[in-house]
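Have a look at upload.pdb below; it lists PDB, C-alpha atoms and all ligand atoms.
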```pdb
ATOM      1  CA  MET A1327       0.000   0.000   0.000
ATOM      2  CA  PRO A1328       1.312   3.475  -0.813
ATOM      3  CA  GLU A1329       1.668   5.983   1.968
ATOM      4  CA  GLU A1330      -1.504   8.021   2.488
ATOM      5  CA  ILE A1331       0.312  11.184   3.541
ATOM      6  CA  ILE A1332       3.728  12.359   2.414
ATOM      7  CA  TRP A1333       5.498  15.450   3.672
ATOM      8  CA  ILE A1334       7.495  17.806   1.482
ATOM      9  CA  GLY A1335       9.198  20.142   3.888
ATOM     10  CA  ASP A1336       6.374  21.254   6.176
ATOM     11  CA  GLU A1337       3.620  20.661   3.610
ATOM     12  CA  PRO A1338       1.459  17.534   3.800
ATOM     13  CA  PHE A1339       0.214  15.850   0.631
ATOM     14  CA  GLN A1340      -2.525  13.250   0.661
ATOM     15  CA  LEU A1341      -2.880  10.297  -1.705
ATOM     16  CA  LEU A1342      -5.459  11.119  -4.395
ATOM     17  CA  PHE A1343      -5.007   8.363  -7.030
ATOM     18  CA  SER A1344      -2.936   5.255  -6.369
ATOM     19  CA  GLU A1345      -0.624   3.756  -8.956
ATOM     20  CA  SER A1346      -3.095   0.954  -9.708
ATOM     21  CA  GLU A1347      -6.037   3.376 -10.028
ATOM     22  CA  ILE A1348      -4.018   5.456 -12.484
ATOM     23  CA  GLN A1349      -2.857   2.435 -14.461
ATOM     24  CA  SER A1350      -6.347   1.013 -14.836
ATOM     25  CA  ARG A1351      -7.785   4.379 -15.918
ATOM     26  CA  VAL A1352      -4.936   4.858 -18.409
ATOM     27  CA  ARG A1353      -5.701   1.407 -19.852
ATOM     28  CA  GLN A1354      -9.380   2.363 -20.295
ATOM     29  CA  MET A1355      -8.428   5.625 -22.001
ATOM     30  CA  ALA A1356      -6.030   3.766 -24.289
ATOM     31  CA  LEU A1357      -8.762   1.304 -25.296
ATOM     32  CA  GLU A1358     -11.127   4.148 -26.126
ATOM     33  CA  ILE A1359      -8.503   5.944 -28.207
ATOM     34  CA  GLU A1360      -7.515   2.703 -29.913
ATOM     35  CA  LYS A1361     -11.138   2.148 -30.920
ATOM     36  CA  ASP A1362     -11.591   5.730 -32.174
ATOM     37  CA  TYR A1363      -8.381   5.679 -34.222
ATOM     38  CA  ALA A1364      -8.641   2.173 -35.692
ATOM     39  CA  GLY A1365      -7.212   2.187 -39.210
ATOM     40  CA  LYS A1366      -5.707   5.683 -38.783
ATOM     41  CA  SER A1367      -2.131   6.783 -38.182
ATOM     42  CA  PRO A1368      -2.415   9.418 -35.475
ATOM     43  CA  ILE A1369       0.350  11.510 -34.034
ATOM     44  CA  PHE A1370       0.381  11.952 -30.267
ATOM     45  CA  VAL A1371       1.710  15.358 -29.273
ATOM     46  CA  GLY A1372       2.762  15.472 -25.633
ATOM     47  CA  VAL A1373       3.198  18.680 -23.678
ATOM     48  CA  LEU A1374       6.472  18.662 -21.762
ATOM     49  CA  ASN A1375       7.455  18.285 -19.062
ATOM     50  CA  GLY A1376       4.394  17.087 -17.175
ATOM     51  CA  ALA A1377       2.847  14.743 -19.762
ATOM     52  CA  PHE A1378       5.861  12.532 -20.413
ATOM     53  CA  ILE A1379       5.004   9.754 -17.967
ATOM     54  CA  PHE A1380       1.294   9.662 -18.804
ATOM     55  CA  MET A1381       2.027   9.648 -22.526
ATOM     56  CA  GLY A1382       4.608   6.880 -22.104
ATOM     57  CA  ASP A1383       2.116   4.681 -20.268
ATOM     58  CA  LEU A1384      -0.774   5.588 -22.580
ATOM     59  CA  ILE A1385       0.917   4.774 -25.878
ATOM     60  CA  ARG A1386       2.286   1.470 -24.572
ATOM     61  CA  GLN A1387      -1.312   0.408 -23.972
ATOM     62  CA  ILE A1388      -2.141   1.153 -27.613
ATOM     63  CA  GLN A1389      -0.796  -1.669 -29.736
ATOM     64  CA  GLY A1390      -3.488  -1.866 -32.438
ATOM     65  CA  VAL A1391      -2.800   1.535 -34.009
ATOM     66  CA  ASP A1392       0.292   2.774 -35.855
ATOM     67  CA  LEU A1393       1.159   5.970 -34.057
ATOM     68  CA  GLU A1394       3.867   8.604 -33.998
ATOM     69  CA  ILE A1395       4.879  10.915 -31.188
ATOM     70  CA  ASP A1396       6.191  14.449 -30.896
ATOM     71  CA  PHE A1397       6.322  17.099 -28.184
ATOM     72  CA  TYR A1398       5.700  20.726 -27.416
ATOM     73  CA  LYS A1399       7.425  22.220 -24.446
ATOM     74  CA  LEU A1400       5.737  25.079 -22.660
ATOM     75  CA  SER A1401       6.809  27.032 -19.637
ATOM     76  CA  SER A1402       4.959  25.627 -16.669
ATOM     77  CA  TYR A1403       4.162  26.492 -13.090
ATOM     78  CA  GLY A1404       7.892  26.734 -12.420
ATOM     79  CA  LYS A1405       8.481  27.171  -8.728
ATOM     80  CA  GLU A1406       4.972  28.246  -7.887
ATOM     81  CA  LYS A1407       1.806  26.367  -7.077
ATOM     82  CA  ALA A1408      -0.213  28.717  -9.243
ATOM     83  CA  SER A1409      -0.438  29.239 -12.993
ATOM     84  CA  ALA A1410       1.804  31.986 -14.366
ATOM     85  CA  GLY A1411      -1.150  33.357 -16.328
ATOM     86  CA  GLN A1412       0.787  33.326 -19.565
ATOM     87  CA  VAL A1413       2.270  30.663 -21.796
ATOM     88  CA  GLN A1414       5.775  30.618 -23.157
ATOM     89  CA  LEU A1415       6.733  28.265 -25.996
ATOM     90  CA  LEU A1416      10.069  26.576 -25.296
ATOM     91  CA  LYS A1417       9.932  23.901 -28.016
ATOM     92  CA  SER A1418       7.667  23.280 -30.991
ATOM     93  CA  VAL A1419       6.951  20.007 -32.808
ATOM     94  CA  ASP A1420       9.352  18.841 -35.526
ATOM     95  CA  THR A1421       6.751  16.769 -37.374
ATOM     96  CA  LYS A1422       4.593  18.240 -40.136
ATOM     97  CA  LEU A1423       1.077  18.136 -38.750
ATOM     98  CA  ALA A1424      -0.735  19.179 -41.941
ATOM     99  CA  GLY A1425      -3.344  16.590 -42.877
ATOM    100  CA  ARG A1426      -2.580  14.461 -39.799
ATOM    101  CA  ASP A1427      -4.833  13.133 -37.072
ATOM    102  CA  VAL A1428      -3.391  14.847 -34.000
ATOM    103  CA  ILE A1429      -4.016  13.994 -30.346
ATOM    104  CA  VAL A1430      -2.623  16.420 -27.778
ATOM    105  CA  VAL A1431      -1.637  14.709 -24.527
ATOM    106  CA  GLU A1432      -1.565  16.774 -21.325
ATOM    107  CA  ASP A1433      -0.925  15.789 -17.723
ATOM    108  CA  ILE A1434      -3.481  18.257 -16.413
ATOM    109  CA  VAL A1435      -5.738  21.017 -17.680
ATOM    110  CA  ASP A1436      -6.017  23.737 -15.073
ATOM    111  CA  SER A1437      -6.763  27.261 -16.347
ATOM    112  CA  GLY A1438      -6.830  25.896 -19.897
ATOM    113  CA  LEU A1439      -4.298  28.463 -21.115
ATOM    114  CA  SER A1440      -1.771  25.851 -22.209
ATOM    115  CA  VAL A1441      -4.157  23.682 -24.221
ATOM    116  CA  SER A1442      -5.758  26.755 -25.769
ATOM    117  CA  TYR A1443      -2.334  27.976 -26.854
ATOM    118  CA  ILE A1444      -1.418  24.566 -28.281
ATOM    119  CA  ARG A1445      -4.743  24.339 -30.069
ATOM    120  CA  GLU A1446      -4.129  27.607 -31.909
ATOM    121  CA  ALA A1447      -0.548  26.581 -32.706
ATOM    122  CA  ILE A1448      -1.639  23.211 -34.127
ATOM    123  CA  LEU A1449      -4.666  24.537 -36.029
ATOM    124  CA  ALA A1450      -2.273  26.865 -37.860
ATOM    125  CA  HIS A1451      -0.684  23.681 -39.304
ATOM    126  CA  SER A1452      -4.061  22.543 -40.764
ATOM    127  CA  PRO A1453      -4.273  19.054 -39.251
ATOM    128  CA  LYS A1454      -6.919  16.655 -40.539
ATOM    129  CA  SER A1455      -8.313  16.303 -37.020
ATOM    130  CA  LEU A1456      -7.388  17.501 -33.545
ATOM    131  CA  ARG A1457      -8.392  16.028 -30.203
ATOM    132  CA  PHE A1458      -7.285  16.545 -26.620
ATOM    133  CA  CYS A1459      -6.454  13.992 -23.965
ATOM    134  CA  ALA A1460      -5.688  14.938 -20.351
ATOM    135  CA  LEU A1461      -5.165  12.661 -17.384
ATOM    136  CA  LEU A1462      -6.508  15.292 -14.978
ATOM    137  CA  PHE A1463      -9.020  18.052 -15.626
ATOM    138  CA  LYS A1464      -9.863  20.869 -13.216
ATOM    139  CA  GLU A1465     -13.122  21.391 -15.043
ATOM    140  CA  SER A1466     -14.501  24.037 -12.681
ATOM    141  CA  VAL A1467     -11.369  26.154 -13.129
ATOM    142  CA  ALA A1468     -10.728  25.738 -16.851
ATOM    143  CA  ASP A1469     -11.918  28.397 -19.277
ATOM    144  CA  LEU A1470     -12.191  26.617 -22.636
ATOM    145  CA  ASP A1471     -14.225  27.094 -25.792
ATOM    146  CA  PHE A1472     -13.598  23.522 -26.935
ATOM    147  CA  ILE A1473     -13.840  20.148 -25.237
ATOM    148  CA  ILE A1474     -11.229  17.833 -23.762
ATOM    149  CA  ASP A1475     -12.106  14.643 -25.628
ATOM    150  CA  TYR A1476     -10.459  12.122 -23.309
ATOM    151  CA  VAL A1477     -10.323  12.859 -19.565
ATOM    152  CA  GLY A1478      -8.788  10.536 -16.989
ATOM    153  CA  PHE A1479     -10.119  12.114 -13.810
ATOM    154  CA  ARG A1480     -12.041  15.317 -13.129
ATOM    155  CA  ILE A1481     -10.674  16.958  -9.995
ATOM    156  CA  PRO A1482     -11.538  20.085  -8.027
ATOM    157  CA  LYS A1483      -9.327  23.144  -7.781
ATOM    158  CA  GLN A1484      -6.407  21.735  -5.873
ATOM    159  CA  PHE A1485      -2.658  21.432  -6.304
ATOM    160  CA  VAL A1486      -1.522  17.921  -7.202
ATOM    161  CA  ILE A1487       1.860  16.259  -7.666
ATOM    162  CA  GLY A1488       3.320  12.974  -8.866
ATOM    163  CA  TYR A1489       3.056  10.860 -12.027
ATOM    164  CA  GLY A1490       4.808  13.562 -14.051
ATOM    165  CA  LEU A1491       3.441  16.534 -12.120
ATOM    166  CA  ASP A1492       6.066  18.472 -10.236
ATOM    167  CA  TYR A1493       6.513  20.359  -7.051
ATOM    168  CA  LYS A1494       9.313  22.862  -7.696
ATOM    169  CA  GLN A1495      10.498  20.526 -10.472
ATOM    170  CA  LEU A1496      10.720  17.608  -8.030
ATOM    171  CA  LYS A1497       8.415  14.644  -7.291
ATOM    172  CA  ARG A1498       7.558  13.906 -10.942
ATOM    173  CA  ASN A1499       8.812  10.374 -10.270
ATOM    174  CA  LEU A1500       6.141   9.547  -7.698
ATOM    175  CA  PRO A1501       4.108   6.649  -9.163
ATOM    176  CA  ALA A1502       0.889   7.900  -7.543
ATOM    177  CA  ILE A1503      -0.833  11.310  -7.490
ATOM    178  CA  TYR A1504      -1.043  13.336  -4.285
ATOM    179  CA  GLN A1505      -2.946  16.510  -3.444
ATOM    180  CA  LEU A1506      -1.823  19.299  -1.191
ATOM    181  CA  VAL A1507      -3.676  19.233   2.108
ATOM    182  CA  ASP A1508      -4.563  22.845   1.948
ATOM    183  CA  SER A1509      -5.660  25.221   4.617
ATOM    184  CA  HIS A1510      -5.390  28.177   2.224
ATOM    185  CA  PRO A1511      -7.146  28.347  -1.159
ATOM    186  CA  ILE A1512      -4.730  28.167  -4.075
ATOM    187  CA  GLN A1513      -4.330  31.032  -6.533
ATOM    188  CA  THR A1514      -4.688  29.587 -10.014
ATOM    189  CA  GLY A1515      -4.041  32.712 -11.993
ATOM    190  CA  LYS A1516      -7.714  33.216 -12.769
TER     191      LYS A1516
HETATM  192  P1  LIG B1601      -2.999  25.503 -17.456
HETATM  193  O1  LIG B1601      -3.322  26.437 -16.306
HETATM  194  O2  LIG B1601      -2.393  26.244 -18.600
HETATM  195  O3  LIG B1601      -4.206  24.693 -17.862
HETATM  196  O4  LIG B1601      -1.946  24.477 -16.910
HETATM  197  C1  LIG B1601      -0.608  24.624 -17.265
HETATM  198  C2  LIG B1601       0.267  23.540 -16.748
HETATM  199  O5  LIG B1601       0.496  23.798 -15.382
HETATM  200  C3  LIG B1601      -0.233  22.105 -16.802
HETATM  201  O6  LIG B1601      -0.043  21.482 -18.013
HETATM  202  C4  LIG B1601       0.633  21.480 -15.727
HETATM  203  O7  LIG B1601       1.881  21.109 -16.261
HETATM  204  C5  LIG B1601       0.753  22.617 -14.727
HETATM  205  N1  LIG B1601      -0.242  22.422 -13.651
HETATM  206  C6  LIG B1601      -1.538  22.802 -13.624
HETATM  207  N2  LIG B1601      -2.134  22.418 -12.474
HETATM  208  C7  LIG B1601      -1.174  21.788 -11.765
HETATM  209  C8  LIG B1601      -1.152  21.130 -10.474
HETATM  210  O8  LIG B1601      -2.141  21.046  -9.732
HETATM  211  N3  LIG B1601       0.030  20.585 -10.105
HETATM  212  C9  LIG B1601       1.157  20.652 -10.873
HETATM  213  N4  LIG B1601       2.256  20.073 -10.373
HETATM  214  N5  LIG B1601       1.178  21.231 -12.073
HETATM  215  C10 LIG B1601       0.023  21.784 -12.510
HETATM  216 MG    MG B1602       1.265  19.980 -18.678
HETATM  217 MG    MG B1603       5.105  22.326 -13.341
END
```
Now that the file is in, can you turn its structure into structure tokens?
Amino acid sequence: MPEEIIWIGDEPFQLLFSESEIQSRVRQMALEIEKDYAGKSPIFVGVLNGAFIFMGDLIRQIQGVDLEIDFYKLSSYGKEKASAGQVQLLKSVDTKLAGRDVIVVEDIVDSGLSVSYIREAILAHSPKSLRFCALLFKESVADLDFIIDYVGFRIPKQFVIGYGLDYKQLKRNLPAIYQLVDSHPIQTGK
């Protein structure tokens, strides 16, 4: 059994999704995507850094579809627990996305700024289709004028770490997801 509470300095984090809960949800998402993309050759575009573990697990559960991968890298939360309120592009994709079936893979959609930015960037390439996949979705926080097609878990406005998600660039290697036990509401840049 994973530990229910972990401490990072003087901040307690509580287990939110165990490794096995995550793995079984990722398998379900993979099956759904596999079904939707049968006979197609999609390209999975991960958003670094946070999505790398989720995307690695997700694509290894998809064996019935010929797929490619590429990555965007955006500036993230950095050292803070709140969104910076603006997006900075650190790396673009190398693949030509024109005419391709593109699936954007995110660790988490919070304010929605990042996915909205990526959407505009990808639409400028004229893909054949574009869908979004996020392991975690803070639906009540996000301000989006399009849908997230594949969602792992909907979560409330809370700061989470592990399974790719960092705390001051650390803790991405936790196999489970933990939430900050919070006595103060978190600023999310909204
Ligand atoms: P956005 O606010 O643009 O939707 O989210 C931007 C990025 O901030 C996400 O892709 C993710 O990498 C990071 N982020 C958002 N919420 C959280 C969170 O609760 N914990 C961590 N560690 N990162 C988050
Ligand atoms: Mg991310
Ligand atoms: Mg971060």
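What the PyMOL selection byres (((chain A and resi 1384) around 8) and not hetatm) picks from this file is Val1352, Arg1353, Met1355, Ala1356, Phe1380, Met1381, Gly1382, Asp1383, Ile1385, Arg1386, Gln1387 and Ile1388 of chain A.
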Which distance in Å separates CA of Leu1423 in chain A and CA of Phe1370 in chain A, to one decimal?
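The value is 10.5 Å.
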Provide the CA of Ile1503 in chain A to CA of Tyr1443 in chain A distance in Å, to one decimal place.
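One can read the CA of Ile1503 in chain A to CA of Tyr1443 in chain A distance as 25.6 Å.
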Please, what distance in Å, to one decimal, runs between CA of Gly1438 in chain A and atom O8 of ligand LIG 1601 (chain B)?
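Between CA of Gly1438 in chain A and atom O8 of ligand LIG 1601 (chain B) the gap works out to 12.2 Å.
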What does the PyMOL selection byres (((not hetatm)) within 6 of (chain B and resi 1602)) select in this file, as a list in words?
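Matching residues under the PyMOL selection byres (((not hetatm)) within 6 of (chain B and resi 1602)) are Val1373, Gly1376, Ala1377, Glu1432, Asp1433 and Ile1434 of chain A.
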Neighbours of ligand LIG 1601 (chain B) within 9 Å, counting all atoms listed in the file, as a ChimeraX atom specification?
/A:1373-1377,1400-1404,1406-1413,1432-1443,1460,1462-1464,1467-1469,1483-1488,1490-1495,1497-1498,1505-1506,1514-1516
Apply the PyMOL selection byres (((chain A and resi 1332) around 12) and not hetatm) to the file shown and report the selected residues as a PyMOL selection string.
chain A and resi 1328-1331+1333-1342+1487-1488+1497+1500+1502-1507
Taking all atoms listed in the file into account, which of A:Phe1378, A:Asp1420, A:Gln1389, A:Ile1359 comes nearest Phe1458 in chain A?
A:Ile1359
Counting all atoms listed in the file, what is within 9 Å of Lys1399 in chain A, bar same-chain residues fewer than 6 positions away, as a PDB file with C-alpha atoms, in the frame of the given file?
```pdb
ATOM      1  CA  GLY A1372       2.762  15.472 -25.633  1.00  0.00           C
ATOM      2  CA  VAL A1373       3.198  18.680 -23.678  1.00  0.00           C
ATOM      3  CA  LEU A1374       6.472  18.662 -21.762  1.00  0.00           C
ATOM      4  CA  ASN A1375       7.455  18.285 -19.062  1.00  0.00           C
ATOM      5  CA  GLN A1414       5.775  30.618 -23.157  1.00  0.00           C
ATOM      6  CA  LEU A1415       6.733  28.265 -25.996  1.00  0.00           C
ATOM      7  CA  LEU A1416      10.069  26.576 -25.296  1.00  0.00           C
ATOM      8  CA  LYS A1417       9.932  23.901 -28.016  1.00  0.00           C
ATOM      9  CA  SER A1418       7.667  23.280 -30.991  1.00  0.00           C
ATOM     10  CA  VAL A1419       6.951  20.007 -32.808  1.00  0.00           C
TER      11      VAL A1419
END
```
